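What follows is the content of run29.pdb (PDB, C-alpha atoms).
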ATOM      1  CA  LEU A 301       0.000   0.000   0.000  1.00  0.00           C
ATOM      2  CA  ARG A 302       2.751   2.462   0.909  1.00  0.00           C
ATOM      3  CA  GLN A 303       4.542   1.704  -2.350  1.00  0.00           C
ATOM      4  CA  SER A 304       1.414   2.827  -4.210  1.00  0.00           C
ATOM      5  CA  GLY A 305       1.345   6.083  -2.248  1.00  0.00           C
ATOM      6  CA  ASP A 306      -1.381   5.144   0.227  1.00  0.00           C
ATOM      7  CA  GLU A 307      -1.202   5.764   3.959  1.00  0.00           C
ATOM      8  CA  VAL A 308      -1.479   2.900   6.439  1.00  0.00           C
ATOM      9  CA  TRP A 309      -3.490   3.431   9.625  1.00  0.00           C
ATOM     10  CA  PRO A 310      -4.208   0.761  12.260  1.00  0.00           C
ATOM     11  CA  TYR A 311      -7.681   0.310  13.724  1.00  0.00           C
ATOM     12  CA  VAL A 312      -8.479  -1.104  17.154  1.00  0.00           C
ATOM     13  CA  ALA A 313     -11.860  -1.584  18.797  1.00  0.00           C
ATOM     14  CA  ILE A 314     -13.168  -4.610  20.716  1.00  0.00           C
ATOM     15  CA  TYR A 315     -10.288  -6.515  19.166  1.00  0.00           C
ATOM     16  CA  PRO A 316      -7.456  -7.282  19.352  1.00  0.00           C
ATOM     17  CA  VAL A 317      -7.228  -8.330  22.988  1.00  0.00           C
ATOM     18  CA  SER A 318      -4.188  -9.111  25.125  1.00  0.00           C
ATOM     19  CA  PRO A 319      -1.408  -9.764  24.497  1.00  0.00           C
ATOM     20  CA  TYR A 320      -2.012  -7.436  21.548  1.00  0.00           C
ATOM     21  CA  MET A 321      -1.823  -3.730  22.290  1.00  0.00           C
ATOM     22  CA  ASN A 322      -5.095  -1.849  22.709  1.00  0.00           C
ATOM     23  CA  VAL A 323      -6.532   0.784  25.082  1.00  0.00           C
ATOM     24  CA  PHE A 324      -8.610  -1.362  27.422  1.00  0.00           C
ATOM     25  CA  THR A 325      -8.848  -0.609  31.130  1.00  0.00           C
ATOM     26  CA  ASP A 326      -7.640  -4.099  32.031  1.00  0.00           C
ATOM     27  CA  GLN A 327      -4.391  -3.710  30.086  1.00  0.00           C
ATOM     28  CA  PRO A 328      -1.174  -2.159  31.408  1.00  0.00           C
ATOM     29  CA  ALA A 329      -1.104   1.600  30.798  1.00  0.00           C
ATOM     30  CA  LEU A 330       2.237   1.164  29.054  1.00  0.00           C
ATOM     31  CA  LEU A 331       0.463  -0.318  26.035  1.00  0.00           C
ATOM     32  CA  ASN A 332      -1.364   2.946  25.379  1.00  0.00           C
ATOM     33  CA  ARG A 333       2.005   4.464  24.484  1.00  0.00           C
ATOM     34  CA  LEU A 334       3.873   1.521  23.005  1.00  0.00           C
ATOM     35  CA  ARG A 335       1.103   1.069  20.437  1.00  0.00           C
ATOM     36  CA  PHE A 336       2.222   4.343  18.874  1.00  0.00           C
ATOM     37  CA  TRP A 337       5.898   3.424  19.143  1.00  0.00           C
ATOM     38  CA  HIS A 338       4.993   0.278  17.216  1.00  0.00           C
ATOM     39  CA  GLY A 339       3.367   2.439  14.547  1.00  0.00           C
ATOM     40  CA  GLU A 340       6.444   4.678  14.358  1.00  0.00           C
ATOM     41  CA  LYS A 341       8.763   1.711  13.953  1.00  0.00           C
ATOM     42  CA  PHE A 342       6.767   0.203  11.096  1.00  0.00           C
ATOM     43  CA  GLY A 343       5.994   3.434   9.264  1.00  0.00           C
ATOM     44  CA  VAL A 344       2.330   3.838  10.194  1.00  0.00           C
ATOM     45  CA  GLN A 345       1.167   7.391   9.425  1.00  0.00           C
ATOM     46  CA  GLY A 346      -1.933   7.665  11.615  1.00  0.00           C
ATOM     47  CA  ASP A 347      -4.313   5.929  13.973  1.00  0.00           C
ATOM     48  CA  LEU A 348      -8.044   5.254  13.631  1.00  0.00           C
ATOM     49  CA  TYR A 349     -10.239   4.836  16.695  1.00  0.00           C
ATOM     50  CA  TRP A 350     -13.972   4.488  16.373  1.00  0.00           C
ATOM     51  CA  SER A 351     -15.218   6.467  19.382  1.00  0.00           C
ATOM     52  CA  VAL A 352     -13.970   8.178  22.526  1.00  0.00           C
ATOM     53  CA  ASN A 353     -17.384   8.894  24.109  1.00  0.00           C
ATOM     54  CA  TYR A 354     -19.562   5.863  23.480  1.00  0.00           C
ATOM     55  CA  TRP A 355     -21.838   5.801  26.545  1.00  0.00           C
ATOM     56  CA  PRO A 356     -24.820   3.465  26.030  1.00  0.00           C
ATOM     57  CA  TYR A 357     -24.319   2.603  29.698  1.00  0.00           C
ATOM     58  CA  ASN A 358     -22.933   4.739  32.478  1.00  0.00           C
ATOM     59  CA  PRO A 359     -19.141   4.351  32.078  1.00  0.00           C
ATOM     60  CA  TRP A 360     -18.640   5.450  35.677  1.00  0.00           C
ATOM     61  CA  THR A 361     -20.298   2.264  36.906  1.00  0.00           C
ATOM     62  CA  THR A 362     -20.160  -0.116  33.926  1.00  0.00           C
ATOM     63  CA  ALA A 363     -16.824  -0.832  32.280  1.00  0.00           C
ATOM     64  CA  MET A 364     -18.338  -2.812  29.419  1.00  0.00           C
ATOM     65  CA  SER A 365     -20.132  -0.678  26.840  1.00  0.00           C
ATOM     66  CA  SER A 366     -22.016  -3.850  25.875  1.00  0.00           C
ATOM     67  CA  SER A 367     -21.915  -7.456  26.956  1.00  0.00           C
ATOM     68  CA  SER A 368     -19.433  -8.408  24.239  1.00  0.00           C
ATOM     69  CA  TYR A 369     -17.123  -5.395  24.365  1.00  0.00           C
ATOM     70  CA  SER A 370     -13.806  -5.256  26.128  1.00  0.00           C
ATOM     71  CA  PRO A 371     -13.560  -2.960  29.178  1.00  0.00           C
ATOM     72  CA  GLY A 372     -13.246   0.712  28.338  1.00  0.00           C
ATOM     73  CA  ASP A 373     -13.683   0.225  24.613  1.00  0.00           C
ATOM     74  CA  GLY A 374     -15.000   3.383  22.967  1.00  0.00           C
ATOM     75  CA  ALA A 375     -14.866   5.383  26.205  1.00  0.00           C
ATOM     76  CA  LEU A 376     -11.621   7.301  26.523  1.00  0.00           C
ATOM     77  CA  LEU A 377     -13.558  10.294  27.819  1.00  0.00           C
ATOM     78  CA  TYR A 378     -16.113  10.245  30.629  1.00  0.00           C
ATOM     79  CA  PRO A 379     -19.338  12.194  31.215  1.00  0.00           C
ATOM     80  CA  PRO A 380     -18.932  15.320  33.371  1.00  0.00           C
ATOM     81  CA  VAL A 381     -21.502  13.955  35.845  1.00  0.00           C
ATOM     82  CA  ARG A 382     -21.553  10.497  37.380  1.00  0.00           C
ATOM     83  CA  GLU A 383     -25.305   9.959  37.181  1.00  0.00           C
ATOM     84  CA  ARG A 384     -27.316  10.042  33.968  1.00  0.00           C
ATOM     85  CA  PRO A 385     -28.898  13.529  33.890  1.00  0.00           C
ATOM     86  CA  THR A 386     -32.539  14.221  33.157  1.00  0.00           C
ATOM     87  CA  GLU A 387     -31.662  17.546  31.515  1.00  0.00           C
ATOM     88  CA  PRO A 388     -28.888  18.452  29.083  1.00  0.00           C
ATOM     89  CA  VAL A 389     -25.538  19.148  30.750  1.00  0.00           C
ATOM     90  CA  ILE A 390     -23.364  21.718  29.004  1.00  0.00           C
ATOM     91  CA  GLN A 391     -19.952  20.758  30.343  1.00  0.00           C
ATOM     92  CA  ALA A 392     -16.783  19.337  28.877  1.00  0.00           C
ATOM     93  CA  PRO A 393     -16.192  15.601  29.251  1.00  0.00           C
ATOM     94  CA  LEU A 394     -13.533  14.360  31.665  1.00  0.00           C
ATOM     95  CA  ASN A 395     -10.228  12.844  30.642  1.00  0.00           C
ATOM     96  CA  SER A 396      -9.245   9.308  31.418  1.00  0.00           C
ATOM     97  CA  LEU A 397      -5.710   8.216  32.167  1.00  0.00           C
ATOM     98  CA  ARG A 398      -5.803   6.279  28.919  1.00  0.00           C
ATOM     99  CA  TRP A 399      -6.670   9.442  26.971  1.00  0.00           C
ATOM    100  CA  GLU A 400      -3.766  11.293  28.586  1.00  0.00           C
ATOM    101  CA  LEU A 401      -1.426   8.416  27.767  1.00  0.00           C
ATOM    102  CA  VAL A 402      -2.500   8.589  24.127  1.00  0.00           C
ATOM    103  CA  ARG A 403      -1.590  12.287  24.206  1.00  0.00           C
ATOM    104  CA  GLU A 404       1.809  11.429  25.647  1.00  0.00           C
ATOM    105  CA  ALA A 405       2.251   8.759  22.978  1.00  0.00           C
ATOM    106  CA  LEU A 406       1.649  11.354  20.266  1.00  0.00           C
ATOM    107  CA  GLU A 407       4.243  13.568  21.933  1.00  0.00           C
ATOM    108  CA  ASP A 408       6.596  10.568  21.850  1.00  0.00           C
ATOM    109  CA  ARG A 409       6.071  10.393  18.107  1.00  0.00           C
ATOM    110  CA  GLU A 410       6.992  14.074  17.877  1.00  0.00           C
ATOM    111  CA  TYR A 411      10.340  13.158  19.447  1.00  0.00           C
ATOM    112  CA  PHE A 412      10.867  10.575  16.718  1.00  0.00           C
ATOM    113  CA  TRP A 413       9.867  13.083  14.039  1.00  0.00           C
ATOM    114  CA  VAL A 414      12.185  15.816  15.334  1.00  0.00           C
ATOM    115  CA  LEU A 415      15.106  13.403  15.589  1.00  0.00           C
ATOM    116  CA  LYS A 416      14.463  12.156  12.057  1.00  0.00           C
ATOM    117  CA  GLN A 417      14.511  15.698  10.680  1.00  0.00           C
ATOM    118  CA  LEU A 418      17.730  16.524  12.522  1.00  0.00           C
ATOM    119  CA  LEU A 419      19.430  13.339  11.343  1.00  0.00           C
ATOM    120  CA  GLU A 420      18.484  13.987   7.718  1.00  0.00           C
ATOM    121  CA  ARG A 421      19.832  17.530   7.831  1.00  0.00           C
ATOM    122  CA  ALA A 422      22.978  16.589   9.719  1.00  0.00           C
ATOM    123  CA  ARG A 423      23.934  13.853   7.246  1.00  0.00           C
ATOM    124  CA  THR A 424      24.490  16.537   4.600  1.00  0.00           C
ATOM    125  CA  ARG A 425      27.102  18.380   6.681  1.00  0.00           C
ATOM    126  CA  LEU A 426      28.606  15.958   9.200  1.00  0.00           C
ATOM    127  CA  ALA A 427      30.929  12.991   8.770  1.00  0.00           C
ATOM    128  CA  PRO A 428      29.142   9.617   8.737  1.00  0.00           C
ATOM    129  CA  ARG A 429      30.657   8.619  12.085  1.00  0.00           C
ATOM    130  CA  HIS A 430      30.079  11.933  13.810  1.00  0.00           C
ATOM    131  CA  PRO A 431      29.132  11.224  17.465  1.00  0.00           C
ATOM    132  CA  ALA A 432      25.785  13.045  17.181  1.00  0.00           C
ATOM    133  CA  LEU A 433      24.796  10.966  14.146  1.00  0.00           C
ATOM    134  CA  VAL A 434      25.926   7.709  15.712  1.00  0.00           C
ATOM    135  CA  GLU A 435      24.062   8.383  18.957  1.00  0.00           C
ATOM    136  CA  GLY A 436      20.961   9.645  17.133  1.00  0.00           C
ATOM    137  CA  ASP A 437      20.689   6.415  15.159  1.00  0.00           C
ATOM    138  CA  ALA A 438      21.427   4.342  18.267  1.00  0.00           C
ATOM    139  CA  ALA A 439      18.815   6.169  20.378  1.00  0.00           C
ATOM    140  CA  ARG A 440      16.164   5.630  17.730  1.00  0.00           C
ATOM    141  CA  ASP A 441      17.042   1.951  17.273  1.00  0.00           C
ATOM    142  CA  ALA A 442      17.067   1.371  21.031  1.00  0.00           C
ATOM    143  CA  ALA A 443      13.587   2.865  21.295  1.00  0.00           C
ATOM    144  CA  TRP A 444      12.308   0.761  18.423  1.00  0.00           C
ATOM    145  CA  ALA A 445      13.784  -2.350  20.053  1.00  0.00           C
ATOM    146  CA  LEU A 446      11.217  -2.025  22.844  1.00  0.00           C
ATOM    147  CA  VAL A 447       8.511  -3.101  20.380  1.00  0.00           C
ATOM    148  CA  THR A 448       9.124  -6.274  18.392  1.00  0.00           C
ATOM    149  CA  SER A 449       5.534  -6.720  17.204  1.00  0.00           C
ATOM    150  CA  ALA A 450       1.978  -5.817  18.190  1.00  0.00           C
ATOM    151  CA  SER A 451       2.035  -8.632  20.739  1.00  0.00           C
ATOM    152  CA  THR A 452       5.705  -8.702  21.783  1.00  0.00           C
ATOM    153  CA  TYR A 453       7.043  -5.680  23.615  1.00  0.00           C
ATOM    154  CA  GLU A 454       8.886  -4.346  26.650  1.00  0.00           C
ATOM    155  CA  GLN A 455       6.770  -4.487  29.802  1.00  0.00           C
ATOM    156  CA  ASP A 456       8.847  -2.275  32.082  1.00  0.00           C
ATOM    157  CA  PRO A 457       7.634   1.362  32.018  1.00  0.00           C
ATOM    158  CA  LEU A 458      11.048   2.533  33.212  1.00  0.00           C
ATOM    159  CA  ALA A 459      12.571   1.188  30.005  1.00  0.00           C
ATOM    160  CA  LEU A 460      10.212   3.402  27.994  1.00  0.00           C
ATOM    161  CA  TYR A 461      11.101   6.464  30.041  1.00  0.00           C
ATOM    162  CA  ALA A 462      14.818   5.739  29.686  1.00  0.00           C
ATOM    163  CA  ALA A 463      14.438   5.394  25.920  1.00  0.00           C
ATOM    164  CA  ARG A 464      12.512   8.668  25.748  1.00  0.00           C
ATOM    165  CA  VAL A 465      15.211  10.486  27.722  1.00  0.00           C
ATOM    166  CA  ARG A 466      17.833   9.083  25.366  1.00  0.00           C
ATOM    167  CA  LEU A 467      15.841  10.365  22.381  1.00  0.00           C
ATOM    168  CA  ALA A 468      15.640  13.798  23.973  1.00  0.00           C
ATOM    169  CA  GLU A 469      19.369  13.877  24.661  1.00  0.00           C
ATOM    170  CA  ALA A 470      20.090  12.810  21.078  1.00  0.00           C
ATOM    171  CA  ILE A 471      17.933  15.688  19.842  1.00  0.00           C
ATOM    172  CA  GLU A 472      19.704  18.157  22.122  1.00  0.00           C
ATOM    173  CA  ALA A 473      23.088  16.980  20.836  1.00  0.00           C
ATOM    174  CA  PHE A 474      22.307  18.631  17.507  1.00  0.00           C
ATOM    175  CA  GLY A 475      21.737  22.023  19.122  1.00  0.00           C
ATOM    176  CA  ASP A 476      24.313  24.624  18.130  1.00  0.00           C
ATOM    177  CA  GLY A 477      23.343  27.248  20.690  1.00  0.00           C
ATOM    178  CA  VAL A 478      22.293  29.771  18.056  1.00  0.00           C
ATOM    179  CA  PRO A 479      19.205  31.704  19.240  1.00  0.00           C
ATOM    180  CA  PHE A 480      16.161  31.721  17.021  1.00  0.00           C
ATOM    181  CA  VAL A 481      13.015  33.818  16.856  1.00  0.00           C
ATOM    182  CA  VAL A 482       9.742  32.196  17.883  1.00  0.00           C
ATOM    183  CA  ARG A 483       6.983  33.857  15.853  1.00  0.00           C
ATOM    184  CA  GLN A 484       4.077  31.841  17.188  1.00  0.00           C
ATOM    185  CA  PRO A 485       1.865  32.010  19.146  1.00  0.00           C
ATOM    186  CA  ALA A 486       2.839  35.690  19.559  1.00  0.00           C
ATOM    187  CA  SER A 487       4.264  37.354  16.441  1.00  0.00           C
ATOM    188  CA  ARG A 488       5.038  40.782  17.829  1.00  0.00           C
ATOM    189  CA  ALA A 489       8.057  42.414  19.366  1.00  0.00           C
ATOM    190  CA  VAL A 490       8.428  42.655  23.127  1.00  0.00           C
ATOM    191  CA  GLY A 491      10.187  45.547  24.787  1.00  0.00           C
ATOM    192  CA  TRP A 492      12.671  45.252  27.624  1.00  0.00           C
ATOM    193  CA  ASN A 493      11.004  44.535  30.957  1.00  0.00           C
ATOM    194  CA  GLU A 494       7.618  44.269  29.267  1.00  0.00           C
ATOM    195  CA  PRO A 495       5.522  41.320  30.473  1.00  0.00           C
ATOM    196  CA  LEU A 496       3.953  39.168  27.789  1.00  0.00           C
ATOM    197  CA  VAL A 497       1.206  36.675  28.580  1.00  0.00           C
ATOM    198  CA  LEU A 498       0.943  33.711  26.218  1.00  0.00           C
ATOM    199  CA  ARG A 499      -2.041  31.412  26.548  1.00  0.00           C
ATOM    200  CA  THR A 500      -2.384  28.010  24.999  1.00  0.00           C
ATOM    201  CA  GLU A 501      -4.907  25.205  25.264  1.00  0.00           C
ATOM    202  CA  ALA A 502      -3.877  22.234  27.345  1.00  0.00           C
ATOM    203  CA  LEU A 503      -6.282  19.369  26.723  1.00  0.00           C
ATOM    204  CA  GLY A 504      -8.372  18.590  29.756  1.00  0.00           C
ATOM    205  CA  TRP A 505      -6.871  21.182  32.050  1.00  0.00           C
ATOM    206  CA  PRO A 506      -7.511  24.878  32.798  1.00  0.00           C
ATOM    207  CA  LEU A 507      -5.811  27.204  30.370  1.00  0.00           C
ATOM    208  CA  PRO A 508      -2.335  27.970  31.709  1.00  0.00           C
ATOM    209  CA  ALA A 509      -0.684  31.369  31.462  1.00  0.00           C
ATOM    210  CA  TYR A 510       3.032  31.810  30.907  1.00  0.00           C
ATOM    211  CA  GLN A 511       4.670  35.047  32.006  1.00  0.00           C
ATOM    212  CA  TRP A 512       7.680  35.944  29.872  1.00  0.00           C
ATOM    213  CA  ARG A 513       9.761  38.951  30.829  1.00  0.00           C
ATOM    214  CA  LEU A 514      12.910  40.133  29.098  1.00  0.00           C
ATOM    215  CA  GLU A 515      15.583  41.195  31.583  1.00  0.00           C
TER     216      GLU A 515
END
When written as structure tokens, how does the structure in this file appear?
Amino acid sequence: LRQSGDEVWPYVAIYPVSPYMNVFTDQPALLNRLRFWHGEKFGVQGDLYWSVNYWPYNPWTTAMSSSSYSPGDGALLYPPVRERPTEPVIQAPLNSLRWELVREALEDREYFWVLKQLLERARTRLAPRHPALVEGDAARDAAWALVTSASTYEQDPLALYAARVRLAEAIEAFGDGVPFVVRQPASRAVGWNEPLVLRTEALGWPLPAYQWRLE
């Protein structure tokens, strides 16, 4: 499919079940992230999931969305109230830990993407055995080694965190210390000692405010 120019996206729902990676509540949380590392390793461009708020039953009290479904399937977000309301409730749904782990997994894939870009650029100007290139390739390969297949993978969360730190350090090794201008989210000049408040949306949390002051 990829050779013909098509994208490949995986799809999980009530299947597959353990030991295959999914997002069920009875699976280790680590799988929520390693599933995306698996996709990165094998060149998967996206991820298809059928529903995040399927609530035919109250997900606060019933893990199974139907008698045949696996626990938590289709419910990565939860209703803002624990009892079924009699009137419409205009409130945002609540995050689950699984939803937050999916977010972290997507951030993991950003690490892979950034490192890939840096490696491609560096190969045009650095010697093949330059330490930054060697370590960048090694950090990526070590991370990929945590996932052999969709059903064979590392089960120690600390190994994932160690691999992520190594990816981050490999990315930082390409830094040359040259300052650069950040034009987004604020694309205006800031005077000396002038406070600038930048606001950004953080999924599932109150909007944070960052105070930047030039000294």
Going by the chain IDs and residue numbers used in this file, which residues fall under the PyMOL selection byres ((chain A and resi 321-324) around 12)? Write them as number ranges by chain. A: 310-320, 325-339, 347-349, 351-352, 363-365, 369-376, 396-402, 447-455
Provide the CA of Pro457 in chain A to CA of Val414 in chain A distance in Å, to one decimal place. 22.5 Å
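The coordinates place CA of Val308 in chain A at 29.0 Å from CA of Glu435 in chain A.
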Quick one: residues within 10 Å of range 439-443 of chain A, all atoms listed in the file counted, chain neighbours fewer than 2 positions away excluded, as a count of residues only? 29
Written as a PyMOL selection string, which residues does the PyMOL selection byres ((chain A and resi 383) around 12) give for the file shown? chain A and resi 355+357-362+378-382+384-387+389
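With all atoms listed in the file as the atoms that count, the minimum distance from Asp306 in chain A to the choices A:Trp413, A:Glu340, A:Gly346, A:Leu418 is reached by A:Gly346.
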Point-to-point distance from CA of Trp444 in chain A to CA of Asn395 in chain A, Å rounded to tenths: 28.3 Å
